[in-house]
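**Student:** Questions regarding the structure given below will be posed in turn.
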There are 2 protein chains.
Amino acid sequence: MNHEETLKPALIRRLVRYCHYIQARHAIECARTISSVEIASYTDVDESQVRKDLSAIKVSGTPRIGYQTPEVIHAIHHELGFEHDLLAVIVGAGHLGSALARYRGFEHYGLRVVAIFDTAPEKVNTVVAELVVEPIERLGRVIGETGVKTAILTVSPDAAEDIAHRLARAGIKAIWNFVPARFKAPDGVFIRHQHLSTGLAELAYFLKKAPDN
Amino acid sequence: MNHEETLKPALIRRLVRYCHYIQARHAIECARTISSVEIASYTDVDESQVRKDLSAIKVSGTPRIGYQTPEVIHAIHHELGFEHDLLAVIVGAGHLGSALARYRGFEHYGLRVVAIFDTAPEKVNTVVAELVVEPIERLGRVIGETGVKTAILTVSPDAAEDIAHRLARAGIKAIWNFVPARFKAPDGVFIRHQHLSTGLAELAYFLKKAPDN
DNA sequence: TAGATTGTTAATCGATTAACAATC
DNA sequence: TAGATTGTTAATCGATTAACAATC
């Protein structure tokens, strides 16, 4: 066992980019090989970086030819764990939570939503994406029975931290947080904050700076 | 006019974090002042960095006391342009596009969706968040008439690049791209990629690596 | 063979952290 | 006053880019 390094988040993000681009190229032009220069120019990454990144996940290319596209795609999928099924519960059946439950775009990455919860009595027992919304009190039982390790958090900002801890106690190991709030992660739980407001802030700032507003 | 530097994306992201945290603290505990150490510990940023960042947006604190919470919040809002209204159109009335149209969480940042478009005839003329879905052909006219500068992109991956160029021709200056595809930005247009699959990739990788899966 | 592209090492650059004098 | 905290400069660290020998 030779060290098995952990990929850094920045590297993971670049790999996802490469994958998006190469899959598009592969689908449209049936390109069987691709060079680091091509990948670099489309993904806004330096070409040396691309070669380094691919070498980090043990993909090698051929001088004068480039990399085999199917091999690159497969290696990235394998390395990032897209091959495994990723079962998840959603907590918060508001607009965002319901949309994520219905969204088909994540199936490709193995995500499958198995339950959805909400505190509001008027939401409970409604149906979202073929799932009956359950009361938050059933959280522990459902997670225990299904063995789900991942939760998608789309509750209100003031409830987020409390719910995160309930999730941790119920056995959740990873939280994908869409709530615009930042809180300390419960011990042993990985939190990936997905604050859409950050993207919005960058847009707002650009528009404020743009000469012609 | 003394240089007027442009804030870097990383700084913008940190400012948004500070803001989330300070607003929460301000709301819950009515804390009137806050030190760089407190902000740092909650936002996972070094305390020197916090001081540097606040100084970059011309907020100053008082030794032994800290920073005035309302002043910090206001300065961040002002600097990032949250005070202006941000009118936007949404292109793609699928699950994600509709959810973003209905989502109330962005009002706080000044975002207002004024129109929503789709190519599918069965979507056109349906109502989403009090807006009638319009055919994509009306894009140019609506953007021209309203003077909207921002578009939220939630179409299918293979349509994304083409639509981005149509948006640019119609006068859009900033695109918030939720489509899991990366493409070259049309000249003079700012694209903020918001690839949710990147977050998902990080979760998948964590779970793959976690000892107990 | 000639030449394009990989893989990797070295050089540069920028971002993060540490340190500390100034200050309330 | 004493001591905590700011504001900023200097030191460190890591990430990015450049360069080039190896290679097909």
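Residues are named by chain letter and number: chains run A, B, ... in the order of the structure tokens, numbers start at 1 in each chain, and ligands are numbered from 1 in the order shown.
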For the reference chain B, what are the coordinates of chain A after least-squares fitting (all Cα, in-order pairing), as a PDB file with C-alpha atoms, in the first residue's frame?
**Tutor:**
```
ATOM      1  CA  MET A   1      -9.515  58.513  -8.467  1.00  0.00           C
ATOM      2  CA  ASN A   2      -7.023  56.323  -6.664  1.00  0.00           C
ATOM      3  CA  HIS A   3      -6.774  53.133  -8.657  1.00  0.00           C
ATOM      4  CA  GLU A   4     -10.092  51.480  -7.629  1.00  0.00           C
ATOM      5  CA  GLU A   5      -8.830  47.945  -7.468  1.00  0.00           C
ATOM      6  CA  THR A   6     -10.975  45.027  -8.503  1.00  0.00           C
ATOM      7  CA  LEU A   7     -11.758  42.535  -5.761  1.00  0.00           C
ATOM      8  CA  LYS A   8     -10.582  39.038  -6.563  1.00  0.00           C
ATOM      9  CA  PRO A   9     -13.094  36.184  -6.605  1.00  0.00           C
ATOM     10  CA  ALA A  10     -11.501  34.496  -3.592  1.00  0.00           C
ATOM     11  CA  LEU A  11     -11.898  37.688  -1.593  1.00  0.00           C
ATOM     12  CA  ILE A  12     -15.513  38.060  -2.669  1.00  0.00           C
ATOM     13  CA  ARG A  13     -16.202  34.534  -1.498  1.00  0.00           C
ATOM     14  CA  ARG A  14     -14.669  35.214   1.888  1.00  0.00           C
ATOM     15  CA  LEU A  15     -16.657  38.427   2.261  1.00  0.00           C
ATOM     16  CA  VAL A  16     -19.876  36.532   1.613  1.00  0.00           C
ATOM     17  CA  ARG A  17     -18.898  34.057   4.309  1.00  0.00           C
ATOM     18  CA  TYR A  18     -18.182  36.794   6.808  1.00  0.00           C
ATOM     19  CA  CYS A  19     -21.500  38.357   5.993  1.00  0.00           C
ATOM     20  CA  HIS A  20     -23.445  35.135   6.535  1.00  0.00           C
ATOM     21  CA  TYR A  21     -21.782  34.562   9.848  1.00  0.00           C
ATOM     22  CA  ILE A  22     -21.971  38.109  11.162  1.00  0.00           C
ATOM     23  CA  GLN A  23     -25.617  38.476  10.167  1.00  0.00           C
ATOM     24  CA  ALA A  24     -26.437  35.278  12.033  1.00  0.00           C
ATOM     25  CA  ARG A  25     -24.556  36.463  15.109  1.00  0.00           C
ATOM     26  CA  HIS A  26     -26.105  39.892  14.886  1.00  0.00           C
ATOM     27  CA  ALA A  27     -29.613  38.457  14.598  1.00  0.00           C
ATOM     28  CA  ILE A  28     -29.310  35.852  17.324  1.00  0.00           C
ATOM     29  CA  GLU A  29     -27.165  37.559  19.937  1.00  0.00           C
ATOM     30  CA  CYS A  30     -27.515  41.190  18.905  1.00  0.00           C
ATOM     31  CA  ALA A  31     -23.727  41.381  19.041  1.00  0.00           C
ATOM     32  CA  ARG A  32     -22.800  44.966  18.270  1.00  0.00           C
ATOM     33  CA  THR A  33     -19.094  44.309  17.859  1.00  0.00           C
ATOM     34  CA  ILE A  34     -17.103  41.333  16.693  1.00  0.00           C
ATOM     35  CA  SER A  35     -13.396  40.572  16.600  1.00  0.00           C
ATOM     36  CA  SER A  36     -11.354  39.201  13.738  1.00  0.00           C
ATOM     37  CA  VAL A  37     -10.623  36.154  15.874  1.00  0.00           C
ATOM     38  CA  GLU A  38     -14.311  35.328  16.211  1.00  0.00           C
ATOM     39  CA  ILE A  39     -14.998  35.791  12.535  1.00  0.00           C
ATOM     40  CA  ALA A  40     -11.938  33.739  11.678  1.00  0.00           C
ATOM     41  CA  SER A  41     -12.809  30.798  13.870  1.00  0.00           C
ATOM     42  CA  TYR A  42     -16.289  30.449  12.397  1.00  0.00           C
ATOM     43  CA  THR A  43     -15.467  30.985   8.775  1.00  0.00           C
ATOM     44  CA  ASP A  44     -12.329  28.848   8.582  1.00  0.00           C
ATOM     45  CA  VAL A  45     -10.203  31.772   7.542  1.00  0.00           C
ATOM     46  CA  ASP A  46      -7.001  32.952   9.185  1.00  0.00           C
ATOM     47  CA  GLU A  47      -7.496  35.922  11.509  1.00  0.00           C
ATOM     48  CA  SER A  48      -4.876  38.038   9.719  1.00  0.00           C
ATOM     49  CA  GLN A  49      -6.726  37.333   6.516  1.00  0.00           C
ATOM     50  CA  VAL A  50      -9.955  38.618   8.012  1.00  0.00           C
ATOM     51  CA  ARG A  51      -8.307  41.861   9.093  1.00  0.00           C
ATOM     52  CA  LYS A  52      -6.678  42.250   5.701  1.00  0.00           C
ATOM     53  CA  ASP A  53      -9.949  41.615   3.909  1.00  0.00           C
ATOM     54  CA  LEU A  54     -11.888  44.105   5.990  1.00  0.00           C
ATOM     55  CA  SER A  55      -9.171  46.662   5.521  1.00  0.00           C
ATOM     56  CA  ALA A  56      -9.388  46.033   1.764  1.00  0.00           C
ATOM     57  CA  ILE A  57     -12.995  47.216   1.783  1.00  0.00           C
ATOM     58  CA  LYS A  58     -12.056  50.117   4.042  1.00  0.00           C
ATOM     59  CA  VAL A  59     -13.680  48.917   7.219  1.00  0.00           C
ATOM     60  CA  SER A  60     -11.659  49.676  10.296  1.00  0.00           C
ATOM     61  CA  GLY A  61     -11.954  48.313  13.772  1.00  0.00           C
ATOM     62  CA  THR A  62     -10.913  49.483  17.178  1.00  0.00           C
ATOM     63  CA  PRO A  63      -8.101  47.825  19.137  1.00  0.00           C
ATOM     64  CA  ARG A  64      -9.443  45.930  22.144  1.00  0.00           C
ATOM     65  CA  ILE A  65     -13.012  46.216  20.845  1.00  0.00           C
ATOM     66  CA  GLY A  66     -13.222  44.780  17.354  1.00  0.00           C
ATOM     67  CA  TYR A  67     -15.414  45.780  14.416  1.00  0.00           C
ATOM     68  CA  GLN A  68     -18.917  47.242  14.482  1.00  0.00           C
ATOM     69  CA  THR A  69     -21.188  44.522  13.094  1.00  0.00           C
ATOM     70  CA  PRO A  70     -23.675  46.809  11.298  1.00  0.00           C
ATOM     71  CA  GLU A  71     -20.807  48.656   9.663  1.00  0.00           C
ATOM     72  CA  VAL A  72     -19.185  45.452   8.418  1.00  0.00           C
ATOM     73  CA  ILE A  73     -22.448  44.105   7.024  1.00  0.00           C
ATOM     74  CA  HIS A  74     -23.232  47.368   5.307  1.00  0.00           C
ATOM     75  CA  ALA A  75     -19.745  47.694   3.827  1.00  0.00           C
ATOM     76  CA  ILE A  76     -19.841  44.191   2.372  1.00  0.00           C
ATOM     77  CA  HIS A  77     -23.304  44.718   0.895  1.00  0.00           C
ATOM     78  CA  HIS A  78     -22.215  48.013  -0.558  1.00  0.00           C
ATOM     79  CA  GLU A  79     -18.926  46.759  -1.926  1.00  0.00           C
ATOM     80  CA  LEU A  80     -20.433  43.699  -3.588  1.00  0.00           C
ATOM     81  CA  GLY A  81     -23.346  45.594  -5.058  1.00  0.00           C
ATOM     82  CA  PHE A  82     -26.178  43.915  -3.165  1.00  0.00           C
ATOM     83  CA  GLU A  83     -27.873  47.257  -2.817  1.00  0.00           C
ATOM     84  CA  HIS A  84     -28.673  47.496  -6.512  1.00  0.00           C
ATOM     85  CA  ASP A  85     -31.522  45.547  -8.025  1.00  0.00           C
ATOM     86  CA  LEU A  86     -30.319  42.704 -10.182  1.00  0.00           C
ATOM     87  CA  LEU A  87     -32.816  41.946 -12.931  1.00  0.00           C
ATOM     88  CA  ALA A  88     -32.407  38.605 -14.659  1.00  0.00           C
ATOM     89  CA  VAL A  89     -34.010  36.270 -17.149  1.00  0.00           C
ATOM     90  CA  ILE A  90     -33.960  32.509 -16.765  1.00  0.00           C
ATOM     91  CA  VAL A  91     -33.406  30.361 -19.828  1.00  0.00           C
ATOM     92  CA  GLY A  92     -34.587  26.794 -19.372  1.00  0.00           C
ATOM     93  CA  ALA A  93     -37.820  26.112 -17.477  1.00  0.00           C
ATOM     94  CA  GLY A  94     -36.880  22.614 -16.312  1.00  0.00           C
ATOM     95  CA  HIS A  95     -36.801  21.548 -12.679  1.00  0.00           C
ATOM     96  CA  LEU A  96     -33.786  23.620 -11.805  1.00  0.00           C
ATOM     97  CA  GLY A  97     -34.812  26.712 -13.762  1.00  0.00           C
ATOM     98  CA  SER A  98     -38.308  26.694 -12.302  1.00  0.00           C
ATOM     99  CA  ALA A  99     -36.964  26.214  -8.808  1.00  0.00           C
ATOM    100  CA  LEU A 100     -34.611  29.142  -9.148  1.00  0.00           C
ATOM    101  CA  ALA A 101     -37.492  31.255 -10.450  1.00  0.00           C
ATOM    102  CA  ARG A 102     -39.569  30.389  -7.389  1.00  0.00           C
ATOM    103  CA  TYR A 103     -36.773  30.486  -4.845  1.00  0.00           C
ATOM    104  CA  ARG A 104     -37.157  33.455  -2.506  1.00  0.00           C
ATOM    105  CA  GLY A 105     -33.701  33.166  -0.996  1.00  0.00           C
ATOM    106  CA  PHE A 106     -32.107  35.490  -3.534  1.00  0.00           C
ATOM    107  CA  GLU A 107     -34.399  38.468  -3.016  1.00  0.00           C
ATOM    108  CA  HIS A 108     -32.194  39.472  -0.155  1.00  0.00           C
ATOM    109  CA  TYR A 109     -29.364  40.008  -2.645  1.00  0.00           C
ATOM    110  CA  GLY A 110     -31.504  42.108  -4.936  1.00  0.00           C
ATOM    111  CA  LEU A 111     -32.186  39.442  -7.573  1.00  0.00           C
ATOM    112  CA  ARG A 112     -35.473  39.711  -9.443  1.00  0.00           C
ATOM    113  CA  VAL A 113     -36.409  37.353 -12.241  1.00  0.00           C
ATOM    114  CA  VAL A 114     -38.349  39.197 -14.933  1.00  0.00           C
ATOM    115  CA  ALA A 115     -38.836  36.502 -17.585  1.00  0.00           C
ATOM    116  CA  ILE A 116     -38.383  32.804 -18.184  1.00  0.00           C
ATOM    117  CA  PHE A 117     -37.864  31.048 -21.526  1.00  0.00           C
ATOM    118  CA  ASP A 118     -37.917  27.527 -22.879  1.00  0.00           C
ATOM    119  CA  THR A 119     -37.705  25.824 -26.254  1.00  0.00           C
ATOM    120  CA  ALA A 120     -40.184  23.026 -25.522  1.00  0.00           C
ATOM    121  CA  PRO A 121     -43.648  23.925 -26.873  1.00  0.00           C
ATOM    122  CA  GLU A 122     -45.311  22.100 -23.989  1.00  0.00           C
ATOM    123  CA  LYS A 123     -43.563  24.336 -21.470  1.00  0.00           C
ATOM    124  CA  VAL A 124     -44.321  27.577 -23.292  1.00  0.00           C
ATOM    125  CA  ASN A 125     -47.322  29.446 -21.811  1.00  0.00           C
ATOM    126  CA  THR A 126     -47.254  27.499 -18.588  1.00  0.00           C
ATOM    127  CA  VAL A 127     -46.883  29.653 -15.498  1.00  0.00           C
ATOM    128  CA  VAL A 128     -43.851  29.510 -13.220  1.00  0.00           C
ATOM    129  CA  ALA A 129     -43.558  31.819 -10.232  1.00  0.00           C
ATOM    130  CA  GLU A 130     -46.193  34.143 -11.692  1.00  0.00           C
ATOM    131  CA  LEU A 131     -44.298  34.381 -14.974  1.00  0.00           C
ATOM    132  CA  VAL A 132     -45.578  32.987 -18.261  1.00  0.00           C
ATOM    133  CA  VAL A 133     -42.900  30.836 -19.890  1.00  0.00           C
ATOM    134  CA  GLU A 134     -42.014  32.382 -23.237  1.00  0.00           C
ATOM    135  CA  PRO A 135     -40.619  30.745 -26.373  1.00  0.00           C
ATOM    136  CA  ILE A 136     -36.910  31.132 -26.873  1.00  0.00           C
ATOM    137  CA  GLU A 137     -37.535  33.151 -30.027  1.00  0.00           C
ATOM    138  CA  ARG A 138     -38.728  36.056 -27.901  1.00  0.00           C
ATOM    139  CA  LEU A 139     -35.387  36.248 -26.113  1.00  0.00           C
ATOM    140  CA  GLY A 140     -33.951  39.115 -28.138  1.00  0.00           C
ATOM    141  CA  ARG A 141     -37.073  41.211 -27.979  1.00  0.00           C
ATOM    142  CA  VAL A 142     -37.660  40.812 -24.235  1.00  0.00           C
ATOM    143  CA  ILE A 143     -34.042  41.510 -23.350  1.00  0.00           C
ATOM    144  CA  GLY A 144     -34.011  44.513 -25.643  1.00  0.00           C
ATOM    145  CA  GLU A 145     -37.201  45.952 -24.190  1.00  0.00           C
ATOM    146  CA  THR A 146     -36.367  45.382 -20.531  1.00  0.00           C
ATOM    147  CA  GLY A 147     -32.657  46.128 -20.707  1.00  0.00           C
ATOM    148  CA  VAL A 148     -31.850  43.120 -18.547  1.00  0.00           C
ATOM    149  CA  LYS A 149     -28.120  42.433 -18.303  1.00  0.00           C
ATOM    150  CA  THR A 150     -28.108  39.081 -16.510  1.00  0.00           C
ATOM    151  CA  ALA A 151     -29.222  35.602 -17.548  1.00  0.00           C
ATOM    152  CA  ILE A 152     -29.497  32.420 -15.530  1.00  0.00           C
ATOM    153  CA  LEU A 153     -28.766  29.411 -17.711  1.00  0.00           C
ATOM    154  CA  THR A 154     -30.445  26.090 -16.959  1.00  0.00           C
ATOM    155  CA  VAL A 155     -30.825  24.500 -20.395  1.00  0.00           C
ATOM    156  CA  SER A 156     -29.488  21.135 -21.544  1.00  0.00           C
ATOM    157  CA  PRO A 157     -25.714  20.751 -21.881  1.00  0.00           C
ATOM    158  CA  ASP A 158     -25.697  20.533 -25.661  1.00  0.00           C
ATOM    159  CA  ALA A 159     -27.747  23.708 -26.065  1.00  0.00           C
ATOM    160  CA  ALA A 160     -25.774  25.789 -23.572  1.00  0.00           C
ATOM    161  CA  GLU A 161     -23.074  27.277 -25.782  1.00  0.00           C
ATOM    162  CA  ASP A 162     -25.478  28.233 -28.536  1.00  0.00           C
ATOM    163  CA  ILE A 163     -27.875  29.894 -26.110  1.00  0.00           C
ATOM    164  CA  ALA A 164     -25.016  31.729 -24.436  1.00  0.00           C
ATOM    165  CA  HIS A 165     -24.136  33.326 -27.751  1.00  0.00           C
ATOM    166  CA  ARG A 166     -27.737  34.248 -28.472  1.00  0.00           C
ATOM    167  CA  LEU A 167     -27.892  35.872 -25.068  1.00  0.00           C
ATOM    168  CA  ALA A 168     -24.729  37.827 -25.776  1.00  0.00           C
ATOM    169  CA  ARG A 169     -26.099  39.067 -29.095  1.00  0.00           C
ATOM    170  CA  ALA A 170     -29.281  40.156 -27.350  1.00  0.00           C
ATOM    171  CA  GLY A 171     -27.300  42.319 -24.944  1.00  0.00           C
ATOM    172  CA  ILE A 172     -26.724  40.108 -21.902  1.00  0.00           C
ATOM    173  CA  LYS A 173     -23.495  40.961 -20.063  1.00  0.00           C
ATOM    174  CA  ALA A 174     -23.408  38.364 -17.309  1.00  0.00           C
ATOM    175  CA  ILE A 175     -24.421  34.694 -17.309  1.00  0.00           C
ATOM    176  CA  TRP A 176     -24.922  32.508 -14.268  1.00  0.00           C
ATOM    177  CA  ASN A 177     -24.418  29.049 -15.699  1.00  0.00           C
ATOM    178  CA  PHE A 178     -25.967  26.050 -13.949  1.00  0.00           C
ATOM    179  CA  VAL A 179     -25.500  23.748 -16.943  1.00  0.00           C
ATOM    180  CA  PRO A 180     -22.879  21.048 -16.396  1.00  0.00           C
ATOM    181  CA  ALA A 181     -20.910  22.115 -19.432  1.00  0.00           C
ATOM    182  CA  ARG A 182     -18.022  24.471 -19.916  1.00  0.00           C
ATOM    183  CA  PHE A 183     -17.662  26.640 -22.972  1.00  0.00           C
ATOM    184  CA  LYS A 184     -15.843  29.733 -24.033  1.00  0.00           C
ATOM    185  CA  ALA A 185     -17.544  32.926 -22.970  1.00  0.00           C
ATOM    186  CA  PRO A 186     -18.803  35.177 -25.763  1.00  0.00           C
ATOM    187  CA  ASP A 187     -16.685  38.325 -26.048  1.00  0.00           C
ATOM    188  CA  GLY A 188     -17.362  40.846 -23.328  1.00  0.00           C
ATOM    189  CA  VAL A 189     -19.634  38.532 -21.381  1.00  0.00           C
ATOM    190  CA  PHE A 190     -18.873  37.449 -17.840  1.00  0.00           C
ATOM    191  CA  ILE A 191     -19.755  33.827 -17.107  1.00  0.00           C
ATOM    192  CA  ARG A 192     -20.022  32.507 -13.597  1.00  0.00           C
ATOM    193  CA  HIS A 193     -20.148  28.746 -13.742  1.00  0.00           C
ATOM    194  CA  GLN A 194     -22.179  27.222 -10.961  1.00  0.00           C
ATOM    195  CA  HIS A 195     -21.592  23.533 -11.501  1.00  0.00           C
ATOM    196  CA  LEU A 196     -23.404  21.668  -8.784  1.00  0.00           C
ATOM    197  CA  SER A 197     -21.786  18.467  -9.979  1.00  0.00           C
ATOM    198  CA  THR A 198     -18.496  19.695  -8.552  1.00  0.00           C
ATOM    199  CA  GLY A 199     -19.996  19.681  -5.085  1.00  0.00           C
ATOM    200  CA  LEU A 200     -21.416  16.263  -5.743  1.00  0.00           C
ATOM    201  CA  ALA A 201     -18.014  15.038  -6.904  1.00  0.00           C
ATOM    202  CA  GLU A 202     -16.417  16.155  -3.664  1.00  0.00           C
ATOM    203  CA  LEU A 203     -19.073  14.310  -1.696  1.00  0.00           C
ATOM    204  CA  ALA A 204     -18.686  11.183  -3.777  1.00  0.00           C
ATOM    205  CA  TYR A 205     -14.945  11.256  -3.323  1.00  0.00           C
ATOM    206  CA  PHE A 206     -15.198  11.744   0.422  1.00  0.00           C
ATOM    207  CA  LEU A 207     -17.570   8.784   0.731  1.00  0.00           C
ATOM    208  CA  LYS A 208     -15.364   6.618  -1.412  1.00  0.00           C
ATOM    209  CA  LYS A 209     -12.409   7.423   0.845  1.00  0.00           C
ATOM    210  CA  ALA A 210     -14.272   7.186   4.147  1.00  0.00           C
ATOM    211  CA  PRO A 211     -13.289   4.070   6.109  1.00  0.00           C
ATOM    212  CA  ASP A 212     -16.840   2.922   6.814  1.00  0.00           C
ATOM    213  CA  ASN A 213     -18.898   3.095   3.692  1.00  0.00           C
TER     214      ASN A 213
END
```
**Student:** Please identify all residues of chain D having at least one atom at most 6 Å from any atom of chain B, considering only C-alpha atoms (C1' of nucleotides), and return them as a PDB file with C-alpha atoms (C1' of nucleotides), in the first residue's frame.
**Tutor:**
```pdb
ATOM      1  C1'  DA D   4      -6.222  42.911  24.117  1.00  0.00           C
ATOM      2  C1'  DT D   5      -6.880  43.681  19.429  1.00  0.00           C
ATOM      3  C1'  DT D   6      -6.032  46.081  15.161  1.00  0.00           C
TER       4       DT D   6
END
```
**Student:** Could you give me, as a tab-separated table (two decimals) with N, CA, C and O atoms, in the first residue's frame, each residue of region 3-155 of chain B that DSSP assigns to strand (DSSP E or B) when run on this structure's backbone?
**Tutor:**
```
chain	number	residue	atom	x	y	z
B	33	THR	N	-20.49	44.29	18.38
B	33	THR	CA	-19.12	44.27	17.86
B	33	THR	C	-18.66	42.83	17.73
B	33	THR	O	-19.23	41.92	18.34
B	34	ILE	N	-17.63	42.66	16.92
B	34	ILE	CA	-17.11	41.32	16.67
B	34	ILE	C	-15.63	41.43	16.33
B	34	ILE	O	-15.21	42.38	15.68
B	62	THR	N	-11.52	48.74	16.06
B	62	THR	CA	-10.93	49.44	17.19
B	62	THR	C	-10.17	48.43	18.04
B	62	THR	O	-10.75	47.42	18.43
B	66	GLY	N	-12.86	45.53	18.54
B	66	GLY	CA	-13.23	44.77	17.35
B	66	GLY	C	-13.90	45.66	16.32
B	66	GLY	O	-13.68	46.87	16.30
B	67	TYR	N	-14.74	45.04	15.49
B	67	TYR	CA	-15.42	45.76	14.42
B	67	TYR	C	-16.89	45.92	14.78
B	67	TYR	O	-17.46	45.11	15.51
B	68	GLN	N	-17.50	46.98	14.27
B	68	GLN	CA	-18.94	47.21	14.46
B	68	GLN	C	-19.69	46.32	13.47
B	68	GLN	O	-19.52	46.47	12.26
B	86	LEU	N	-30.96	43.50	-9.17
B	86	LEU	CA	-30.32	42.69	-10.19
B	86	LEU	C	-31.41	41.98	-10.98
B	86	LEU	O	-31.92	40.95	-10.55
B	87	LEU	N	-31.77	42.56	-12.11
B	87	LEU	CA	-32.80	41.94	-12.94
B	87	LEU	C	-32.19	40.82	-13.78
B	87	LEU	O	-31.09	40.96	-14.27
B	88	ALA	N	-32.94	39.74	-13.90
B	88	ALA	CA	-32.41	38.61	-14.66
B	88	ALA	C	-33.51	37.87	-15.40
B	88	ALA	O	-34.66	37.88	-14.99
B	89	VAL	N	-33.10	37.21	-16.48
B	89	VAL	CA	-34.00	36.27	-17.14
B	89	VAL	C	-33.46	34.88	-16.89
B	89	VAL	O	-32.28	34.70	-16.66
B	90	ILE	N	-34.38	33.90	-16.89
B	90	ILE	CA	-33.97	32.52	-16.77
B	90	ILE	C	-34.21	31.84	-18.11
B	90	ILE	O	-35.28	32.00	-18.69
B	91	VAL	N	-33.22	31.12	-18.60
B	91	VAL	CA	-33.41	30.37	-19.84
B	91	VAL	C	-33.35	28.89	-19.51
B	91	VAL	O	-32.31	28.38	-19.10
B	111	LEU	N	-31.85	40.11	-6.31
B	111	LEU	CA	-32.18	39.43	-7.56
B	111	LEU	C	-33.69	39.42	-7.82
B	111	LEU	O	-34.48	39.12	-6.94
B	112	ARG	N	-34.04	39.77	-9.06
B	112	ARG	CA	-35.45	39.71	-9.46
B	112	ARG	C	-35.55	39.11	-10.85
B	112	ARG	O	-34.97	39.64	-11.80
B	113	VAL	N	-36.27	38.01	-10.95
B	113	VAL	CA	-36.41	37.35	-12.25
B	113	VAL	C	-37.57	37.99	-12.99
B	113	VAL	O	-38.69	38.06	-12.47
B	114	VAL	N	-37.31	38.47	-14.20
B	114	VAL	CA	-38.35	39.19	-14.94
B	114	VAL	C	-38.95	38.40	-16.09
B	114	VAL	O	-39.99	38.77	-16.62
B	115	ALA	N	-38.28	37.33	-16.48
B	115	ALA	CA	-38.83	36.51	-17.57
B	115	ALA	C	-38.19	35.14	-17.55
B	115	ALA	O	-37.09	34.97	-17.05
B	116	ILE	N	-38.92	34.16	-18.11
B	116	ILE	CA	-38.37	32.81	-18.19
B	116	ILE	C	-38.72	32.22	-19.55
B	116	ILE	O	-39.84	32.40	-20.05
B	117	PHE	N	-37.74	31.57	-20.14
B	117	PHE	CA	-37.87	31.07	-21.52
B	117	PHE	C	-37.63	29.57	-21.58
B	117	PHE	O	-36.94	29.00	-20.75
B	118	ASP	N	-38.21	28.96	-22.61
B	118	ASP	CA	-37.92	27.55	-22.87
B	118	ASP	C	-38.17	27.26	-24.35
B	118	ASP	O	-38.93	27.97	-25.01
B	127	VAL	N	-47.22	28.59	-16.40
B	127	VAL	CA	-46.87	29.67	-15.48
B	127	VAL	C	-45.93	29.15	-14.40
B	127	VAL	O	-46.19	28.13	-13.77
B	128	VAL	N	-44.84	29.86	-14.23
B	128	VAL	CA	-43.84	29.52	-13.21
B	128	VAL	C	-43.56	30.76	-12.38
B	128	VAL	O	-43.14	31.78	-12.92
B	131	LEU	N	-44.78	33.95	-13.66
B	131	LEU	CA	-44.30	34.38	-14.97
B	131	LEU	C	-44.76	33.37	-16.01
B	131	LEU	O	-44.72	32.16	-15.78
B	132	VAL	N	-45.20	33.88	-17.16
B	132	VAL	CA	-45.58	32.99	-18.25
B	132	VAL	C	-44.32	32.60	-19.00
B	132	VAL	O	-43.54	33.47	-19.41
B	134	GLU	N	-41.98	31.90	-21.85
B	134	GLU	CA	-42.02	32.39	-23.22
B	134	GLU	C	-41.14	31.54	-24.13
B	134	GLU	O	-40.19	30.91	-23.67
B	135	PRO	N	-41.47	31.52	-25.43
B	135	PRO	CA	-40.63	30.75	-26.37
B	135	PRO	C	-39.29	31.44	-26.53
B	135	PRO	O	-39.20	32.66	-26.44
B	150	THR	N	-28.51	40.36	-17.12
B	150	THR	CA	-28.11	39.08	-16.52
B	150	THR	C	-29.02	37.94	-16.95
B	150	THR	O	-30.23	38.11	-17.00
B	151	ALA	N	-28.42	36.78	-17.22
B	151	ALA	CA	-29.21	35.61	-17.55
B	151	ALA	C	-28.77	34.43	-16.68
B	151	ALA	O	-27.59	34.28	-16.37
B	152	ILE	N	-29.77	33.64	-16.29
B	152	ILE	CA	-29.50	32.41	-15.54
B	152	ILE	C	-29.74	31.27	-16.51
B	152	ILE	O	-30.82	31.16	-17.09
B	153	LEU	N	-28.72	30.44	-16.68
B	153	LEU	CA	-28.75	29.42	-17.73
B	153	LEU	C	-28.99	28.04	-17.11
B	153	LEU	O	-28.18	27.55	-16.32
```
**Student:** What's the 9 Å shell around DT12 (chain C), counting only C-alpha atoms (C1' of nucleotides), without same-chain residues fewer than 4 positions away, as a PyMOL selection string?
**Tutor:** chain D and resi 16-18
**Student:** Emit the selected residues as a CSV table (one decimal), in the first residue's frame, including N, CA and C atoms (P, O5', C5', C4', C3', O3' and C1' of nucleotides).
**Tutor:**
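Result file out-v2.csv:
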```
chain,number,residue,atom,x,y,z
D,16,DT,P,-3.2,26.3,-8.4
D,16,DT,O5',-2.5,27.1,-9.6
D,16,DT,C5',-2.2,28.4,-9.4
D,16,DT,C4',-1.0,28.7,-10.3
D,16,DT,C3',-1.1,28.3,-11.7
D,16,DT,O3',-1.0,29.4,-12.5
D,16,DT,C1',1.1,27.8,-10.8
D,17,DT,P,-1.2,29.3,-14.1
D,17,DT,O5',0.3,29.4,-14.6
D,17,DT,C5',1.2,30.4,-14.2
D,17,DT,C4',2.6,30.1,-14.6
D,17,DT,C3',2.7,29.8,-16.1
D,17,DT,O3',3.7,30.7,-16.6
D,17,DT,C1',3.9,28.2,-14.7
D,18,DA,P,4.0,30.7,-18.2
D,18,DA,O5',5.5,30.1,-18.2
D,18,DA,C5',6.4,30.6,-17.2
D,18,DA,C4',7.7,29.8,-17.3
D,18,DA,C3',8.2,29.5,-18.7
D,18,DA,O3',9.6,29.7,-18.7
D,18,DA,C1',8.0,27.5,-17.5
```
